[in-house]
Amino acid sequence: MLKVAIQKSGRLHDDSIKILKEAGIYIDNGKDQLKTTSRNFPLEVLYLRNSDIPQYLRDGVVDLAILGENLLVEKGEDLKIVEKLGFSKCRVSVAIPKEKKFTSLEDLEGKKIATSYPNTVKKFLAEKGIKADLHKISGSVEIAPNIGLADAIVDIVSSGSTLFKNNLKEVEQILKSEAVLAVSPQISTEANEILDRLLFRIQSVLKARTSKYVLLNAPNDKLDKIIEILPGMKSPTVLPLAKEGWSSLHSVINEETFWEVIDELKTNGAEGILICPIEKMVL
C-alpha cells in the first residue's frame, strides 16, 4: 500500500483528488475523513494540514505527497520532487501598500516584513544582501501593513485579488510555485514499485492535458510541408481520401503552440481542421 498525503481542504485538495480520479484511481472522499483507501489501486490517502506534510514525508509516515512547491522551499528542501503537476500555480511575492513608492529591493532595508514563509524570505534577503526585521504570521498576512505591524509582506499570490482588496501592490516576485509530487526518503522498495505505476498514470494524464488531437485534409502536393509542421508523437497518420489527390492527416499538437501551428497549417493548404481533446496519452 502506497501512502500519499494531500491537503485537507482548499483548491489544492480538490485538484489533487481530480488528478487521481483522472488517473483511474477512485477514492471515497467522505466529509471530515482524515484517511481513506482507494477502491481499485493500492493507495491510502491521508488528509493532512498543509504545513505538516513535509515532516510526515521526512519521518516516513507517508511515502508520497501532493503539495505546493513553495512549501518544499520553505520546509522541505531536502525532499525529492518526482513530478511537477502543473496545477495550483502561484508565486511567492513581496507586496507593499499601494501608496508607498518602490524603486528597488534596497527599499526593504531595515523595514518590517510580515510573512508565513520566514525561511524563504531569510534566504532571499541574504542572497540580495538586505537586512530586514521579519515577523512570522500564520494566516491573514495581508492585514499586517494596515494595522501597523509591518511595512511589507511576503505571501502567496495567485490572481492578486486579495492584495487589491487589502490596498496592497505586488512589487517583487521571489519564486514561482505549482503542485508537485514529493517522495519520502524512507519509501520502501515495495511502495516505490507502486509509485512507478502511479507516476505512469499521472504522466499520461498530464501529457494529455497539454496536447490536442488534430485531424485535417490536405492536397497531396503539400503533404511533405504539412508533415514537417505536424511531427506528432512519432509521425502523423496519413490516409487517402475518396477525393483524388487529397489525404487526411491525424496527429497531435502541443497546446502551448496550438494557434501558431494552426495558422501555419492553414497557410500551407490544410483544410477541414478538426481539434479533439485527449483523455490520456500512453507513451
# chains A, B, ... in the order shown; residues from 1 in each chain; ligands from 1
$ residues_around --residues "range 111-117 of chain A" --least-positions-apart "6" --cutoff "8 Å" --atoms "only C-alpha atoms" --output "JSON, numbers by chain"
{"A": [74, 132, 133, 134, 135, 136, 137, 138, 139, 141, 144, 149, 150, 151, 152, 153, 154, 155]}
$ residues_around --residues "Lys84 in chain A" --least-positions-apart "4" --cutoff "7 Å" --atoms "only C-alpha atoms" --output "PyMOL selection string"
chain A and resi 179-181
$ residues_around --residues "Asn70 in chain A" --least-positions-apart "3" --cutoff "10 Å" --atoms "only C-alpha atoms" --output "MDAnalysis selection string"
chainID A and resid 67 73:77 89:92 117 120 156 175:180
$ write_last_selection --atoms "N, CA, C and O atoms" --output "compact mmCIF listing (two decimals), in the first residue's frame"
# COMPACT_ATOMS: atom_id res chain seq x y z
N LEU A 67 1.75 18.47 -2.82
CA LEU A 67 1.81 19.74 -2.08
C LEU A 67 2.41 20.82 -2.95
O LEU A 67 2.93 20.55 -4.03
N VAL A 73 10.13 24.55 -0.58
CA VAL A 73 11.19 25.56 -0.48
C VAL A 73 11.29 26.05 0.97
O VAL A 73 12.39 26.25 1.50
N GLU A 74 10.15 26.20 1.62
CA GLU A 74 10.12 26.71 2.99
C GLU A 74 10.50 25.66 4.03
O GLU A 74 11.27 25.94 4.96
N LYS A 75 9.98 24.44 3.86
CA LYS A 75 10.13 23.45 4.92
C LYS A 75 10.73 22.11 4.50
O LYS A 75 10.92 21.25 5.36
N GLY A 76 11.00 21.93 3.21
CA GLY A 76 11.42 20.60 2.79
C GLY A 76 12.37 20.57 1.62
O GLY A 76 12.20 19.77 0.69
N GLU A 77 13.40 21.42 1.65
CA GLU A 77 14.35 21.44 0.53
C GLU A 77 15.13 20.13 0.41
O GLU A 77 15.72 19.86 -0.63
N LYS A 89 -1.02 26.75 -9.53
CA LYS A 89 0.13 27.62 -9.77
C LYS A 89 -0.04 28.94 -9.01
O LYS A 89 -1.14 29.49 -8.92
N CYS A 90 1.05 29.42 -8.46
CA CYS A 90 1.05 30.69 -7.74
C CYS A 90 2.48 31.20 -7.68
O CYS A 90 3.39 30.61 -8.28
N ARG A 91 2.67 32.30 -6.97
CA ARG A 91 4.01 32.84 -6.78
C ARG A 91 4.12 33.37 -5.36
O ARG A 91 3.11 33.72 -4.74
N VAL A 92 5.33 33.38 -4.84
CA VAL A 92 5.59 33.99 -3.54
C VAL A 92 6.21 35.35 -3.83
O VAL A 92 7.26 35.45 -4.47
N TYR A 117 6.34 32.65 5.48
CA TYR A 117 7.45 31.91 4.87
C TYR A 117 8.80 32.50 5.31
O TYR A 117 9.56 33.00 4.48
N THR A 120 12.09 31.09 3.58
CA THR A 120 12.19 31.52 2.19
C THR A 120 12.63 32.97 2.10
O THR A 120 13.51 33.34 1.31
N ILE A 156 1.83 34.22 -0.65
CA ILE A 156 1.42 33.59 -1.90
C ILE A 156 0.49 34.53 -2.66
O ILE A 156 -0.40 35.14 -2.08
N LEU A 175 9.61 33.65 -5.96
CA LEU A 175 9.66 32.36 -6.64
C LEU A 175 8.30 32.00 -7.21
O LEU A 175 7.27 32.52 -6.77
N LYS A 176 8.30 31.12 -8.21
CA LYS A 176 7.08 30.57 -8.77
C LYS A 176 6.85 29.18 -8.19
O LYS A 176 7.80 28.48 -7.86
N SER A 177 5.58 28.81 -8.07
CA SER A 177 5.25 27.54 -7.44
C SER A 177 4.10 26.87 -8.18
O SER A 177 3.28 27.52 -8.81
N GLU A 178 4.06 25.55 -8.09
CA GLU A 178 2.94 24.75 -8.57
C GLU A 178 2.87 23.49 -7.73
O GLU A 178 3.77 23.20 -6.93
N ALA A 179 1.82 22.72 -7.88
CA ALA A 179 1.70 21.46 -7.15
C ALA A 179 2.73 20.47 -7.67
O ALA A 179 3.00 20.39 -8.86
N VAL A 180 3.32 19.72 -6.73
CA VAL A 180 4.32 18.72 -7.09
C VAL A 180 4.06 17.42 -6.34
O VAL A 180 3.36 17.41 -5.33
$ select_by_dssp --residues "range 6-144 of chain A" --states "strand (DSSP E or B)" --output "PyMOL selection string"
chain A and resi 6-7+27+35-38+43-48+64-68+80-84+90-97+112-115+133-136
$ residues_around --residues "Glu244 in chain A" --least-positions-apart "4" --cutoff "10 Å" --atoms "only C-alpha atoms" --output "PDB file with C-alpha atoms, in the first residue's frame"
ATOM      1  CA  PRO A 219      -3.629  18.176 -51.029  1.00  0.00           C
ATOM      2  CA  ASN A 220      -1.002  15.501 -51.643  1.00  0.00           C
ATOM      3  CA  PRO A 240      -6.026   8.661 -48.648  1.00  0.00           C
TER       4      PRO A 240
END
$ residues_around --residues "range 254-257 of chain A" --least-positions-apart "2" --cutoff "6 Å" --atoms "only C-alpha atoms" --output "PDB file with N, CA and C atoms, in the first residue's frame"
ATOM      1  N   THR A 210      -1.935  18.758 -21.991  1.00  0.00           N
ATOM      2  CA  THR A 210      -1.207  19.772 -22.761  1.00  0.00           C
ATOM      3  C   THR A 210      -1.152  19.444 -24.250  1.00  0.00           C
ATOM      4  N   SER A 211      -2.002  18.509 -24.687  1.00  0.00           N
ATOM      5  CA  SER A 211      -1.979  18.090 -26.091  1.00  0.00           C
ATOM      6  C   SER A 211      -3.395  18.076 -26.661  1.00  0.00           C
ATOM      7  N   TRP A 259      -2.106  27.674 -31.573  1.00  0.00           N
ATOM      8  CA  TRP A 259      -2.582  28.609 -32.600  1.00  0.00           C
ATOM      9  C   TRP A 259      -1.515  28.920 -33.645  1.00  0.00           C
ATOM     10  N   GLU A 260      -0.269  28.940 -33.248  1.00  0.00           N
ATOM     11  CA  GLU A 260       0.808  29.161 -34.215  1.00  0.00           C
ATOM     12  C   GLU A 260       0.846  28.031 -35.241  1.00  0.00           C
TER      13      GLU A 260
END
$ closest_atom_pairs --of "range 33-110 of chain A" --to "range 190-207 of chain A" --cutoff "9 Å" --atoms "only C-alpha atoms" --output "tab-separated table"
residue	atom	partner	partner_atom	distance
A:Pro42	CA	A:Ile194	CA	7.5
A:Leu43	CA	A:Ile194	CA	8.5
A:Asp63	CA	A:Ala191	CA	7.3
A:Leu64	CA	A:Leu195	CA	8.3
A:Val82	CA	A:Leu199	CA	8.5
A:Glu83	CA	A:Leu199	CA	7.9
A:Leu85	CA	A:Leu206	CA	7.1
A:Gly86	CA	A:Leu206	CA	7.9
$ closest_residue --among "A:Val183, A:Leu216, A:Ile96, A:Val62" --to "Trp246 in chain A" --atoms "only C-alpha atoms"
A:Leu216
$ residues_around --residues "Asp28 in chain A" --least-positions-apart "2" --cutoff "12 Å" --atoms "only C-alpha atoms" --output "list of chain:residue names"
A:Ile17, A:Leu20, A:Lys21, A:Ile25, A:Tyr26, A:Gly30, A:Lys31, A:Asp32, A:Gln33, A:Leu34, A:Lys35, A:Thr36, A:Thr37, A:Ser38, A:Arg39, A:Asn40, A:Leu43, A:Glu44, A:Val45
$ closest_residue --among "A:Asp52, A:Glu170, A:Glu127, A:Glu22" --to "Pro97 in chain A" --atoms "only C-alpha atoms"
A:Glu170
$ atom_distance --atom1 "CA of Leu215 in chain A" --atom2 "CA of Gly245 in chain A"
17.1 Å
$ residues_around --residues "Ile275 in chain A" --least-positions-apart "6" --cutoff "7 Å" --atoms "only C-alpha atoms" --output "mmCIF file with all heavy atoms, in the first residue's frame"
data_model
loop_
_atom_site.group_PDB
_atom_site.id
_atom_site.type_symbol
_atom_site.label_atom_id
_atom_site.label_comp_id
_atom_site.auth_asym_id
_atom_site.auth_seq_id
_atom_site.Cartn_x
_atom_site.Cartn_y
_atom_site.Cartn_z
ATOM 1 N N LYS A 212 -3.481 18.272 -27.981
ATOM 2 C CA LYS A 212 -4.752 18.196 -28.698
ATOM 3 C C LYS A 212 -4.584 17.276 -29.908
ATOM 4 O O LYS A 212 -3.535 17.259 -30.555
ATOM 5 C CB LYS A 212 -5.180 19.588 -29.191
ATOM 6 C CG LYS A 212 -5.423 20.609 -28.093
ATOM 7 C CD LYS A 212 -6.626 20.255 -27.247
ATOM 8 C CE LYS A 212 -6.898 21.328 -26.193
ATOM 9 N NZ LYS A 212 -8.001 20.944 -25.290
ATOM 10 N N TYR A 213 -5.647 16.504 -30.181
ATOM 11 C CA TYR A 213 -5.646 15.629 -31.344
ATOM 12 C C TYR A 213 -6.178 16.422 -32.529
ATOM 13 O O TYR A 213 -7.222 17.074 -32.430
ATOM 14 C CB TYR A 213 -6.531 14.420 -31.078
ATOM 15 C CG TYR A 213 -6.388 13.314 -32.095
ATOM 16 C CD1 TYR A 213 -5.263 12.500 -32.108
ATOM 17 C CD2 TYR A 213 -7.388 13.074 -33.037
ATOM 18 C CE1 TYR A 213 -5.127 11.477 -33.025
ATOM 19 C CE2 TYR A 213 -7.260 12.060 -33.964
ATOM 20 C CZ TYR A 213 -6.136 11.260 -33.957
ATOM 21 O OH TYR A 213 -5.999 10.258 -34.877
ATOM 22 N N VAL A 214 -5.466 16.385 -33.646
ATOM 23 C CA VAL A 214 -5.856 17.167 -34.814
ATOM 24 C C VAL A 214 -6.068 16.253 -36.021
ATOM 25 O O VAL A 214 -5.288 15.329 -36.260
ATOM 26 C CB VAL A 214 -4.805 18.266 -35.135
ATOM 27 C CG1 VAL A 214 -3.423 17.679 -35.367
ATOM 28 C CG2 VAL A 214 -5.228 19.104 -36.340
ATOM 29 N N LEU A 215 -7.162 16.500 -36.736
ATOM 30 C CA LEU A 215 -7.460 15.813 -37.987
ATOM 31 C C LEU A 215 -7.636 16.884 -39.054
ATOM 32 O O LEU A 215 -8.306 17.903 -38.817
ATOM 33 C CB LEU A 215 -8.745 14.981 -37.895
ATOM 34 C CG LEU A 215 -8.827 13.881 -36.835
ATOM 35 C CD1 LEU A 215 -9.313 14.437 -35.499
ATOM 36 C CD2 LEU A 215 -9.778 12.785 -37.298
#
$ select_by_dssp --residues "range 72-256 of chain A" --states "alpha helix (DSSP H)" --output "JSON, numbers by chain"
{"A": [72, 73, 74, 75, 118, 119, 120, 121, 122, 123, 124, 125, 126, 127, 128, 161, 162, 163, 164, 165, 189, 190, 191, 192, 193, 194, 195, 196, 197, 198, 199, 200, 201, 202, 203, 204, 205, 206, 207, 208, 209, 223, 224, 225, 226, 227, 228, 229]}
